[in-house]
Each structure stands twice: as structure tokens, then as C-alpha cells.
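Novice: Here's a structure for you.
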Number of protein chains: 2
Amino acid sequence: MPAVNEELLDRYAELIVGFGANVQPDQVVAVEAAPEAAPLVHRIVRSAYERGARYVDVAYFDPQVKRIRIETAAHDSLSWVPPWLGRRLLDLGELDAARIVLTPLIPPGLLAGTDPARAGRDRLPGLPESLQVIEERSVAWTISPFPTEPWARAVFPDLDPAAALEALWRDVEHVCRLDEPDPIEAWQQRIGEIWRAASRLDELDLDAVRFLGPGTDLTVGLLPSSRFAKEGGRTTTRTGIQHVPNLPTEELFTTPDPERTEGVVAATKPLDVGGSLLTGLRIRFEGGRAVEIEADTNAESLRERCATDEGAARLGEVALVDGDSRIGRLGRTFFNTLLDENSASHLALGDAYSHPIADPADLPRINESKVHVDFMIGSDAVTVSGVTRGGDEIPLLAGGAWWI
Amino acid sequence: MPAVNEELLDRYAELIVGFGANVQPDQVVAVEAAPEAAPLVHRIVRSAYERGARYVDVAYFDPQVKRIRIETAAHDSLSWVPPWLGRRLLDLGELDAARIVLTPLIPPGLLAGTDPARAGRDRLPGLPESLQVIEERSVAWTISPFPTEPWARAVFPDLDPAAALEALWRDVEHVCRLDEPDPIEAWQQRIGEIWRAASRLDELDLDAVRFLGPGTDLTVGLLPSSRFAKEGGRTTTRTGIQHVPNLPTEELFTTPDPERTEGVVAATKPLDVGGSLLTGLRIRFEGGRAVEIEADTNAESLRERCATDEGAARLGEVALVDGDSRIGRLGRTFFNTLLDENSASHLALGDAYSHPIADPADLPRINESKVHVDFMIGSDAVTVSGVTRGGDEIPLLAGGAWWI
């Protein structure tokens with residue numbers, strides 16, 4: 001591993017274990033990663049045990065095994081999921097465990113050349129139980145990037161493999177603020193900024209958010225008690241452990257009204273759905289439902305995903321990202337949801353989080369689904385405005401800057 | 001991977017999937033392996049799906065994670081096992097699945113320099129549920145070797161790493177009969193020979209087996225219906241699937257009387273107990289119980305293992321291996337139970353199999369334990385004789401040849 005030195009891996013493991021997951025004495029810790037990530041995984045394991053973890057469970061996900069399944073297995077078997085995988089997540093919840101995921105588990109382009117309809121049936125390593133434990137706030141979870149060779153090739157196709165890996169490590173070092181003298185202090189400061197912007201937004205008591213730009217005129221209705229500031233980068237589990245679900249994190253988000261999204265939206269970045277790359281994605285919404293899904297490539301894999309259940313074609317999340325995002329400033333497409341969703345404003349089809357809802361009376365109205373698929377719709381050319389309950393439109397984000 | 005070519009890996013995967021596990025249409029298949037074994041794992045996965053497997057679950061076991069735990073975790077936490085690991089095995093049983101294990105998961109010497117008392121508390125990846133599903137004959141299981149670099153270094157310490165790996169692959173190719181024109185045919189023939197020797201042994205209706213050699217004078221009492229031929233290399237699951245638990249397999253074995261082993265025995269090969277290497281092992285038995293365990297190195301790890309429960313210090317298996325064993329003929333110590341136990345006659349402390357018992361009335365008397373530890377006691381210098389119910393002694397194996 002020439003692109004990363006031991007000292008950087010040590011700093012990264014400390015940030016993930018000590019700040020992202022905030023591992024506690026006697027806590028059980030789960031780690032999920034590609035086999036290539038072993039050098040960072042070993043440091044995460046050591047750091048967790050040094051903090052007194054009771055047990056660290058490492059589950060390596062081998063993307064080649066997924067590809068072989070999609071190429072070879074019987075069509076009807078492709079959606080079968082072994083019961084122990086979901087059981088593990090529910091057990092983690094019962095144990096109030098920590099969970100660390102190193103992304104990507106599925107490198108971009110893994111499934112190139114396979115049948116998207118077959119690929120869409122195998123959702124692993126995604127599991128509905130993962131949304132359930134997030135929803136019940138039992139697990140202190142955090143997701144961080146680990147540069148692998150196939151991922152680096154996708155991001156830097158013009159560089160030779162070693163240079164691509166080196167370049168991706170430099171990006172990850174920068175966006176994770178590992179190049180700061182005190183990364184944890186740097187993150188506390190940035191998370192404070194995000195939280196304050198979210199609080200100003202909540203004071204406006206908006207009825208909807210409108211996105212306007214090339215190929216996009218979309219109004220996303222909010223619920224009466226949708227709030228942006230309740231989840232400001234950090235989250236707290238039911239037992240009171242503060243953790244940071246995404247490292248890096250640059251977004252502020254809330255849960256919309258699943259029945260009041262209207263108009264058209266063009267994705268501003270390619271999107272990876274279970275290993276298939278969608279480019280040029282365009283969606284038309286009517287009454288909250290995605291009624292038309294078109295793309296230049298692989299539209300079928302998202303259509304298949306949206307047919308999972310009733311909620312899969314409705315919105316579960318609306319998120320705003322300002323131009324101070326270190327990821328956005330790089331101007332790169334990472335073909336990776338964690339980084340790309342923190343580079344630009346985005347929406348998610350599928351399951352909604354209940355935490356951003358302030359009034360329990362609104363909870364029965366939030367979207368429910370077995371899936372959750374983020375896609376990016378923000379850029380400097382896309383203006384975001386808020387629609388007040390009186391019908392006024394207030395500019396929120398334009399040219400990457402807050403106007404509130 | 002210079003030491004092994006693609007064609008050999010393809011042949012090996014076919015032998016393991018098609019003959020060892022004998023994977024059936026719509027069967028669920030579990031694979032457990034070190035991350036280094038990925039090139040063979042990928043071929044096993046493809047071969048299983050080509051035979052119609054419903055799902056192939058690959059669980060990589062990273063030995064470094066185990067070592068870090070033993071070095072770093074709190075002493076009291078070291079015996080904790082997450083519930084989902086055992087649940088997975090019980091689920092495999094309920095599904096009448098196949099299970100393929102590539103050994104070693106723990107390379108020899110992994111835990112060198114760690115505290116044997118701490119190492120003895122962490123039994124993973126061993127799980128008591130594994131014995132349970134073997135006992136209920138629900139899972140079609142098979143174990144085969146995969147040469148890894150740390151293992152090759154231990155077997156060939158005088159070679160450079162690449163040459164050691166190459167030499168170990170040549171040994172594995174030979175002992176797995178992958179150098180035969182038709183490996184499956186070669187195995188059917190050898191398994192037939194083993195079964196016929198076992199049948200002759202059963203005709204003698206022995207009361208005990210006696211081992212006599214340097215440092216060894218041990219009599220192992222049998223139960224009235226202990227049989228050698230009921231498990232002749234192949235086994236059949238409760239749903240009628242024939243499988244080969246060990247590939248390679250060279251032994252014939254039965255379940256002894258746990259209360260009638262008397263005398264002293266010296267191990268003829270070093271023994272790896274959870275990553276700690278025991279050399280010069282000597283055990284004295286009284287009334288079936290191991291009452292003294294001495295060794296030149298790491299005796300403590302076996303003493304700790306034998307303190308697990310009442311049955312852990314009594315015998316659960318007695319096995320005879322003749323001099324035609326390809327493994328035995330190599331004259332190598334592999335520091336690996338699968339290969340070493342098929343090179344020489346051996347005993348196992350701990351849990352017994354019920355299948356070799358012909359009369360259900362004897363079943364309540366067989367040994368029970370959460371552990372099962374094999375150790376080698378055979379060599380050309382050790383003579384094995386049978387003691388009849390009339391008290392006569394009949395030579396069985398001497399100089400590596402059958403005398404019956």
C-alpha cells in the first residue's frame with residue numbers, strides 16, 4: 001500500500017473509532033469492509049479494544065462473490081437473503097452496539113455488463129434491518145470511505161492505477177479533515193456551522209422546498225413538523241451515545257411529505273445502484289410518486305428498485321449542502337453515495353427517518369420502504385428556495401452560498 | 001499467486017464442490033476461508049451456483065483480528081461469542097445446507113508470544129454449534145486445505161516465502177490427488193480401501209485398542225457397539241446427501257468408551273491449539289480422564305481447553321491411519337490438524353460422534369463436550385494392537401501396514 005502511510009491509517013482509525021462511532025467500554029463493535037481495507041480494519045479493531053470494546057466483529061464483503069452470483073445463479077434465487085445477516089443487525093441493536101462501515105463495499109462499475117434486471121434483485125449487502133436499527137437509534141453507526149483500487153480507477157480513469165489510488169487517498173485525507181492538526185476539533189467546528197444553518201432554516205417554518213435549474217423544476221412538500229436541525233451531523237443513540245453517522249458529513253436534511261412532491265428533476269451526478277451506473281437520470285413526480293424514470297444508462301436497475309414496495313417510489317429525504325463542503329469544492333464525481341451526497345443537495349427515494357419530525361402526530365405520514373436510494377440534484381446552477389406557508393418564495397441557496 | 005495456476009484451482013473447486021460437499025440444486029452453501037483463499041473461493045462460488053445452489057454465503061476469517069483481540073481485549077471479554085455466529089450454523093442445519101471450510105483459518109504460530117491462558121479463552125472461529133450440526137447430520141460439510149503464506153513458512157522454514165508456498169501447493173496437489181487424471185475416481189478407490197480395512201476391524205469385535213511405542217503405552221477401551229466402518233470416509237446427511245467431510249481423508253475412526261482409557265501417551269507431532277504450538281506433548285490417563293498434561297511448550301493452552309467442561313479431558317475419538325496415506329508418506333509435519341490427523345493414528349479429547357455407535361443403548365455413554373481437539377500418536381515406531389473380549393491381543397498396525 002504505497003498511497004497511504006501507517007501514521008495516516010492510525011489517525012484515521014482514531015477518528016472513526018473515537019469520534020465517528022464513539023466506542024464505549026464493554027460495547028460490541030461491528031465492522032464491515034472490503035477485504036482490501038484490512039490494514040485500516042486491523043487498526044480499527046485495535047483502537048476499539050483499547051477503548052474497552054467487549055468484542056469486534058469483522059465482516060468482509062467480497063464484491064466479486066456478488067458479481068459471480070448475479071452472473072451465474074438462478075433468476076428466482078437472486079432475491080433470497082440468508083436469515084443470519086438480518087439477525088446479526090437486530091442482535092447489534094439489542095446489544096446497543098457500534099457499527100462501522102467502510103465504503104465502498106461495492107466498487108463503482110462492479111456489475112458492468114451484467115443484466116440490470118438480475119442485478120436489481122440482489123440487494124446485498126443492503127438489508128432492511130439496517131434501516132430498522134437506525135430508526136430505533138439502538139446502534140451507534142458511522143460510515144467512512146476507504147480507497148480501493150477499483151474505486152480509484154473509476155474516479156481517476158486517466159491515471160495509472162498506483163497514481164489513481166494515491167490521488168484518491170489525498171482526496172479522502174482532505175475531505176475527512178485528516179490533514180488538519182486536530183481532525184476531531186475540525187469536525188466539531190464544521191458540524192457546528194451545519195447545525196446553525198439548519199436552525200435558521202427551521203425558524204422559517206417552510207411548507208416546501210423548490211429546486212430550479214437545468215432540467216429541474218421540482219417542489220418538495222414538507223410535513224408541518226419537518227425539522228432540519230434535529231440531526232445536525234451528530235446523532236445520539238437511545239442510550240445517549242453521541243455518534244457521527246457520516247464521516248465526512250456536510251449535509252443538513254429532513255423528512256418530506258411523501259405525497260407532495262411535484263415536477264421534474266435531473267440528477268447532477270451519476271448514481272450507482274447496486275453496482276450499476278446510472279447516468280443522465282431524470283425523474284418526473286406526480287402526487288409524490290416517481291411516475292417516470294429515465295436515464296442514459298441502466299434506468300432499469302432504479303425502476304426495479306422503485307418497484308420493491310409502495311414507498312420505494314416516494315421521497316424519504318431532502319438534503320441541502322452548501323458550497324463550503326470540502327467534497328463539493330473538489331468538483332469531483334466519486335461514484336460513491338457517501339461522498340457524492342455530501343458534495344451536493346440531494347433527495348432519497350424510499351424509507352424516511354423519523355428523527356427529523358418534531359411532532360409525533362406527523363409520524364404516521366412519513367414514507368416507509370425497504371429501500372433508501374440517494375441521488376444528487378444540486379450544483380452551482382441549481383437554486384434552492386423555500387416556500388412559506390403564506391406562499392412566499394425565499395432564496396435559500398444560490399451559487400453555493402446560503403442566503404438566509 | 002505464482003505457485004498455483006488457474007487450471008489447478010478450477011480442478012480443486014470442482015473436487016470440493018462436486019465431490020466433497022456434493023452441492024445439490026437449490027441448496028444453500030456456506031464457505032469459510034482466510035481472505036488469502038479468495039481465488040479458490042471465487043471458483044467454489046461459481047461452481048456451486050452452476051450446480052444450482054440457491055445462495056453461497058462466504059465468511060472470511062481474518063486471523064490478524066483474532067490476534068489483536070488476544071493481545072488487547074479485556075481478559076473477561078475474551079470468551080464472549082456473538083450470538084449470530086452460532087445462529088448462522090443452526091440456520092445452515094435447518095436449511096440442510098452444505099458447508100465448505102478451507103483450512104487453516106488460523107495459521108500455525110499465529111499467537112506466538114501471546115499469553116496462552118488468554119489465547120485459550122478465545123475459541124473462535126470454533127463454535128459448539130458446529131459439533132451440533134455434525135451430530136444431527138443436517139449439513140453436508142467438507143474441509144480442504146488452502147496453502148497460505150504464513151502456513152507455508154511454518155512447514156518449510158528453510159525456503160524463501162515464494163518457494164515455500166510453491167512446495168506446499170505441490171504437497172496439497174499430491175495429497176488431494178489433484179495430480180491424478182480423475183481425482184474423484186482416485187478418491188472413490190482410496191475410500192473403498194479404507195472402508196474395507198474398517199470392516200475387517202469390526203469383525204474382530206474388539207474390547208480395546210492398545211498403542212505401544214516410545215513414551216506410549218495406552219489402552220483405549222471401546223464401547224460394546226463402537227464400529228469403525230460406519231463412517232468410511234464418506235458420510236450421508238439426514239436427507240440422504242453423500243459427502244466427504246475431510247478431503248484429503250485417510251483415517252478410519254470410532255467413538256471410544258470415555259471411562260476406560262488408561263496409561264501414558266506421547267504425541268508424535270506438534271499440535272496447534274488455537275494458534276499456540278504445543279511440542280513434546282505427554283498425557284497420562286486414569287479412568288478415562290487426562291490427569292496429567294505436560295509439554296515442552298504451551299501445555300497451558302491445552303490444559304485450559306481441557307478445563308472447559310467435564311468431557312473436555314476425556315476421549316471422543318480414536319483413529320487409525322495406515323502407511324499408504326499419501327500424507328503420512330510425505331513424512332512432513334504440516335502443523336495443521338486436517339493433514340496431520342490423516343497422516344498418523346490419533347486421538348481426540350472432547351466431543352464424540354454418535355454415528356460410529358451401532359446400538360442406541362450405548363449412546364448415553366459417549367463423551368460430550370463443547371470442544372474437540374485432535375492429537376497425533378501414530379508413527380512407524382508405534383504398534384497398534386486390538387484387545388479382544390477374551391483378553392487376547394491381536395496386532396493391527398505395525399510398521400505402517402495392516403496385519404489383519
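By convention in this document, the chains of the C-alpha cells carry letters A, B, ... by their order, each chain's residues are numbered from 1, and ligands are numbered from 1 in the order they are shown.
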Could you list, with a cut-off of 6 Å and counting only C-alpha atoms, the residues of chain B near chain A, each shown with its nearest atom pair and the distance in Å rounded to one decimal, rows sorted by chain and ascending number, as CSV?
Specialist:
residue,atom,partner,partner_atom,distance
B:Tyr49,CA,A:Ala73,CA,5.1
B:Arg54,CA,A:Ser77,CA,5.4
B:Thr72,CA,A:Tyr49,CA,5.9
B:Ala73,CA,A:Tyr49,CA,5.1
B:Ser77,CA,A:Arg54,CA,5.4
B:Trp84,CA,A:Arg88,CA,5.3
B:Arg88,CA,A:Trp84,CA,5.3
Novice: Mind writing the picked residues with all heavy atoms as a PDB file, in the first residue's frame?
Specialist:
ATOM      1  N   TYR B  49     -22.924 -22.223  -7.786  1.00  0.00           N
ATOM      2  CA  TYR B  49     -24.073 -21.643  -8.493  1.00  0.00           C
ATOM      3  C   TYR B  49     -24.349 -22.398  -9.790  1.00  0.00           C
ATOM      4  O   TYR B  49     -25.506 -22.579 -10.180  1.00  0.00           O
ATOM      5  CB  TYR B  49     -23.848 -20.151  -8.760  1.00  0.00           C
ATOM      6  CG  TYR B  49     -24.141 -19.268  -7.561  1.00  0.00           C
ATOM      7  CD1 TYR B  49     -23.204 -18.360  -7.082  1.00  0.00           C
ATOM      8  CD2 TYR B  49     -25.378 -19.340  -6.906  1.00  0.00           C
ATOM      9  CE1 TYR B  49     -23.473 -17.552  -5.982  1.00  0.00           C
ATOM     10  CE2 TYR B  49     -25.651 -18.543  -5.798  1.00  0.00           C
ATOM     11  CZ  TYR B  49     -24.699 -17.642  -5.342  1.00  0.00           C
ATOM     12  OH  TYR B  49     -24.973 -16.854  -4.256  1.00  0.00           O
ATOM     13  N   ARG B  54     -28.787 -22.215  -4.238  1.00  0.00           N
ATOM     14  CA  ARG B  54     -29.683 -21.082  -4.052  1.00  0.00           C
ATOM     15  C   ARG B  54     -28.910 -19.831  -3.625  1.00  0.00           C
ATOM     16  O   ARG B  54     -29.176 -18.727  -4.059  1.00  0.00           O
ATOM     17  CB  ARG B  54     -30.721 -21.411  -2.977  1.00  0.00           C
ATOM     18  CG  ARG B  54     -31.804 -20.345  -2.882  1.00  0.00           C
ATOM     19  CD  ARG B  54     -32.588 -20.438  -1.587  1.00  0.00           C
ATOM     20  NE  ARG B  54     -33.060 -21.804  -1.341  1.00  0.00           N
ATOM     21  CZ  ARG B  54     -33.700 -22.170  -0.233  1.00  0.00           C
ATOM     22  NH1 ARG B  54     -33.963 -21.273   0.711  1.00  0.00           N
ATOM     23  NH2 ARG B  54     -34.062 -23.412  -0.059  1.00  0.00           N
ATOM     24  N   THR B  72      -5.128  -7.475  23.074  1.00  0.00           N
ATOM     25  CA  THR B  72      -5.606  -6.161  23.512  1.00  0.00           C
ATOM     26  C   THR B  72      -6.864  -6.173  24.361  1.00  0.00           C
ATOM     27  O   THR B  72      -7.059  -5.290  25.184  1.00  0.00           O
ATOM     28  CB  THR B  72      -5.879  -5.274  22.256  1.00  0.00           C
ATOM     29  OG1 THR B  72      -4.869  -5.506  21.290  1.00  0.00           O
ATOM     30  CG2 THR B  72      -5.937  -3.808  22.630  1.00  0.00           C
ATOM     31  N   ALA B  73      -7.768  -7.139  24.140  1.00  0.00           N
ATOM     32  CA  ALA B  73      -9.091  -7.063  24.778  1.00  0.00           C
ATOM     33  C   ALA B  73      -9.015  -7.366  26.271  1.00  0.00           C
ATOM     34  O   ALA B  73      -8.077  -8.021  26.744  1.00  0.00           O
ATOM     35  CB  ALA B  73     -10.055  -8.028  24.094  1.00  0.00           C
ATOM     36  N   SER B  77     -13.529 -10.476  28.715  1.00  0.00           N
ATOM     37  CA  SER B  77     -14.344 -10.450  27.493  1.00  0.00           C
ATOM     38  C   SER B  77     -13.917 -11.511  26.491  1.00  0.00           C
ATOM     39  O   SER B  77     -14.620 -11.767  25.513  1.00  0.00           O
ATOM     40  CB  SER B  77     -14.249  -9.069  26.834  1.00  0.00           C
ATOM     41  OG  SER B  77     -12.972  -8.900  26.224  1.00  0.00           O
ATOM     42  N   TRP B  84     -24.864 -14.249  16.766  1.00  0.00           N
ATOM     43  CA  TRP B  84     -25.193 -14.523  15.361  1.00  0.00           C
ATOM     44  C   TRP B  84     -24.279 -15.580  14.732  1.00  0.00           C
ATOM     45  O   TRP B  84     -24.665 -16.196  13.743  1.00  0.00           O
ATOM     46  CB  TRP B  84     -25.180 -13.240  14.523  1.00  0.00           C
ATOM     47  CG  TRP B  84     -23.931 -12.429  14.637  1.00  0.00           C
ATOM     48  CD1 TRP B  84     -22.781 -12.583  13.923  1.00  0.00           C
ATOM     49  CD2 TRP B  84     -23.719 -11.329  15.515  1.00  0.00           C
ATOM     50  NE1 TRP B  84     -21.862 -11.646  14.319  1.00  0.00           N
ATOM     51  CE2 TRP B  84     -22.411 -10.869  15.285  1.00  0.00           C
ATOM     52  CE3 TRP B  84     -24.503 -10.681  16.471  1.00  0.00           C
ATOM     53  CZ2 TRP B  84     -21.859  -9.789  15.983  1.00  0.00           C
ATOM     54  CZ3 TRP B  84     -23.962  -9.613  17.163  1.00  0.00           C
ATOM     55  CH2 TRP B  84     -22.658  -9.179  16.923  1.00  0.00           C
ATOM     56  N   ARG B  88     -25.984 -18.692  12.803  1.00  0.00           N
ATOM     57  CA  ARG B  88     -25.738 -18.992  11.385  1.00  0.00           C
ATOM     58  C   ARG B  88     -25.588 -20.495  11.164  1.00  0.00           C
ATOM     59  O   ARG B  88     -26.169 -21.068  10.240  1.00  0.00           O
ATOM     60  CB  ARG B  88     -24.470 -18.265  10.927  1.00  0.00           C
ATOM     61  CG  ARG B  88     -23.978 -18.606   9.527  1.00  0.00           C
ATOM     62  CD  ARG B  88     -22.780 -17.731   9.176  1.00  0.00           C
ATOM     63  NE  ARG B  88     -22.204 -18.020   7.872  1.00  0.00           N
ATOM     64  CZ  ARG B  88     -21.248 -18.917   7.650  1.00  0.00           C
ATOM     65  NH1 ARG B  88     -20.765 -19.640   8.653  1.00  0.00           N
ATOM     66  NH2 ARG B  88     -20.786 -19.096   6.427  1.00  0.00           N
TER      67      ARG B  88
END
Novice: When DSSP works through the backbone of this structure, what residues of stretch 199-396 of chain A end up as strand (DSSP E), shown as a PyMOL selection string?
Specialist: chain A and resi 206-213+216-222+235-236+242-243+251-254+256-266+271-273+276-278+282-286+289-294+315-321+346-350+372-376+383-388+393-396
Novice: Atom CA of B:Ala352 and atom CA of B:Ser226 are how many Å apart?
Specialist: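 Computing it gives 11.4 Å between the two atoms.
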Novice: Apply DSSP to the structure's backbone, then extract all residues of stretch 292-359 of chain A labelled helix (DSSP H, G or I) and return them as an MDAnalysis selection string.
Specialist: chainID A and resid 299:306 310:313 326:330 337:341
Novice: Report, in Å with one decimal, the straight-line distance from atom CA of B:Arg99 to atom CA of B:Val31.
Specialist: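 Spanning atom CA of B:Arg99 to atom CA of B:Val31 is a straight-line distance of 5.9 Å.
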Novice: With distances taken over only C-alpha atoms, which of A:Asp392, A:Glu286, A:Glu294, A:Asp179 is nearest to A:Leu8?
Specialist: A:Asp179
Novice: Residues at most 10 Å from B:Asp205, counting only C-alpha atoms, excluding those fewer than 3 positions away in the same chain, as a PDB file with N, CA, C and O atoms, in the first residue's frame?
Specialist:
ATOM      1  N   ARG B 200     -12.982 -55.122   8.306  1.00  0.00           N
ATOM      2  CA  ARG B 200     -12.253 -56.250   8.902  1.00  0.00           C
ATOM      3  C   ARG B 200     -12.059 -56.024  10.403  1.00  0.00           C
ATOM      4  O   ARG B 200     -12.186 -56.938  11.206  1.00  0.00           O
ATOM      5  N   LEU B 201     -11.772 -54.786  10.762  1.00  0.00           N
ATOM      6  CA  LEU B 201     -11.607 -54.434  12.174  1.00  0.00           C
ATOM      7  C   LEU B 201     -12.897 -54.704  12.947  1.00  0.00           C
ATOM      8  O   LEU B 201     -12.873 -55.266  14.056  1.00  0.00           O
ATOM      9  N   ASP B 202     -14.009 -54.313  12.377  1.00  0.00           N
ATOM     10  CA  ASP B 202     -15.286 -54.506  13.066  1.00  0.00           C
ATOM     11  C   ASP B 202     -15.593 -55.992  13.282  1.00  0.00           C
ATOM     12  O   ASP B 202     -16.202 -56.368  14.289  1.00  0.00           O
ATOM     13  N   ALA B 208     -10.875 -53.257  23.171  1.00  0.00           N
ATOM     14  CA  ALA B 208      -9.992 -52.106  23.374  1.00  0.00           C
ATOM     15  C   ALA B 208      -8.935 -52.080  22.274  1.00  0.00           C
ATOM     16  O   ALA B 208      -8.728 -53.073  21.570  1.00  0.00           O
ATOM     17  N   LEU B 222     -13.147 -49.574  24.206  1.00  0.00           N
ATOM     18  CA  LEU B 222     -14.240 -49.268  23.280  1.00  0.00           C
ATOM     19  C   LEU B 222     -15.580 -49.584  23.944  1.00  0.00           C
ATOM     20  O   LEU B 222     -15.636 -50.334  24.922  1.00  0.00           O
ATOM     21  N   PRO B 224     -19.396 -51.406  23.667  1.00  0.00           N
ATOM     22  CA  PRO B 224     -19.767 -52.685  23.038  1.00  0.00           C
ATOM     23  C   PRO B 224     -20.114 -52.539  21.552  1.00  0.00           C
ATOM     24  O   PRO B 224     -19.820 -53.437  20.765  1.00  0.00           O
ATOM     25  N   SER B 225     -20.684 -51.427  21.148  1.00  0.00           N
ATOM     26  CA  SER B 225     -21.073 -51.323  19.732  1.00  0.00           C
ATOM     27  C   SER B 225     -20.289 -50.251  18.979  1.00  0.00           C
ATOM     28  O   SER B 225     -20.760 -49.739  17.967  1.00  0.00           O
ATOM     29  N   SER B 226     -19.076 -49.912  19.453  1.00  0.00           N
ATOM     30  CA  SER B 226     -18.214 -48.998  18.686  1.00  0.00           C
ATOM     31  C   SER B 226     -17.851 -49.655  17.356  1.00  0.00           C
ATOM     32  O   SER B 226     -17.351 -50.779  17.335  1.00  0.00           O
ATOM     33  N   ARG B 227     -18.092 -48.968  16.242  1.00  0.00           N
ATOM     34  CA  ARG B 227     -17.794 -49.525  14.916  1.00  0.00           C
ATOM     35  C   ARG B 227     -16.884 -48.571  14.142  1.00  0.00           C
ATOM     36  O   ARG B 227     -17.000 -47.348  14.270  1.00  0.00           O
ATOM     37  N   GLY B 386      -5.158 -54.896  18.892  1.00  0.00           N
ATOM     38  CA  GLY B 386      -6.527 -54.940  19.378  1.00  0.00           C
ATOM     39  C   GLY B 386      -6.626 -55.925  20.539  1.00  0.00           C
ATOM     40  O   GLY B 386      -5.970 -56.962  20.531  1.00  0.00           O
ATOM     41  N   VAL B 387      -7.427 -55.575  21.536  1.00  0.00           N
ATOM     42  CA  VAL B 387      -7.658 -56.473  22.668  1.00  0.00           C
ATOM     43  C   VAL B 387      -9.068 -57.035  22.515  1.00  0.00           C
ATOM     44  O   VAL B 387     -10.036 -56.273  22.472  1.00  0.00           O
ATOM     45  N   THR B 388      -9.160 -58.367  22.404  1.00  0.00           N
ATOM     46  CA  THR B 388     -10.488 -58.972  22.223  1.00  0.00           C
ATOM     47  C   THR B 388     -11.206 -59.057  23.562  1.00  0.00           C
ATOM     48  O   THR B 388     -10.614 -58.865  24.622  1.00  0.00           O
ATOM     49  N   ARG B 389     -12.491 -59.373  23.479  1.00  0.00           N
ATOM     50  CA  ARG B 389     -13.267 -59.506  24.719  1.00  0.00           C
ATOM     51  C   ARG B 389     -12.750 -60.675  25.566  1.00  0.00           C
ATOM     52  O   ARG B 389     -12.925 -60.672  26.782  1.00  0.00           O
TER      53      ARG B 389
END
Novice: Skip A:Leu102 itself and residues of its chain fewer than 6 positions away, then list as a CSV table (one decimal) with N, CA, C and O atoms, in the first residue's frame all residues within 7 Å of it, counting only C-alpha atoms.
Specialist:
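part_39.csv written:
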chain,number,residue,atom,x,y,z
A,32,GLU,N,-17.7,-3.5,8.9
A,32,GLU,CA,-18.0,-4.1,7.6
A,32,GLU,C,-17.1,-3.4,6.6
A,32,GLU,O,-17.1,-2.2,6.6
A,33,ALA,N,-16.4,-4.2,5.8
A,33,ALA,CA,-15.4,-3.6,4.9
A,33,ALA,C,-15.1,-4.5,3.7
A,33,ALA,O,-15.3,-5.7,3.8
A,143,ILE,N,-20.2,5.7,8.8
A,143,ILE,CA,-19.7,5.3,7.5
A,143,ILE,C,-18.6,6.2,7.1
A,143,ILE,O,-18.7,7.4,7.1
A,144,SER,N,-17.4,5.6,6.7
A,144,SER,CA,-16.3,6.4,6.2
A,144,SER,C,-15.7,5.7,4.9
A,144,SER,O,-15.9,4.5,4.8
A,145,PRO,N,-15.1,6.5,4.1
A,145,PRO,CA,-14.5,5.9,2.9
A,145,PRO,C,-13.2,5.2,3.0
A,145,PRO,O,-12.4,5.7,3.8
A,146,PHE,N,-13.0,4.1,2.3
A,146,PHE,CA,-11.7,3.5,2.2
A,146,PHE,C,-11.3,3.3,0.7
A,146,PHE,O,-12.0,2.6,0.0
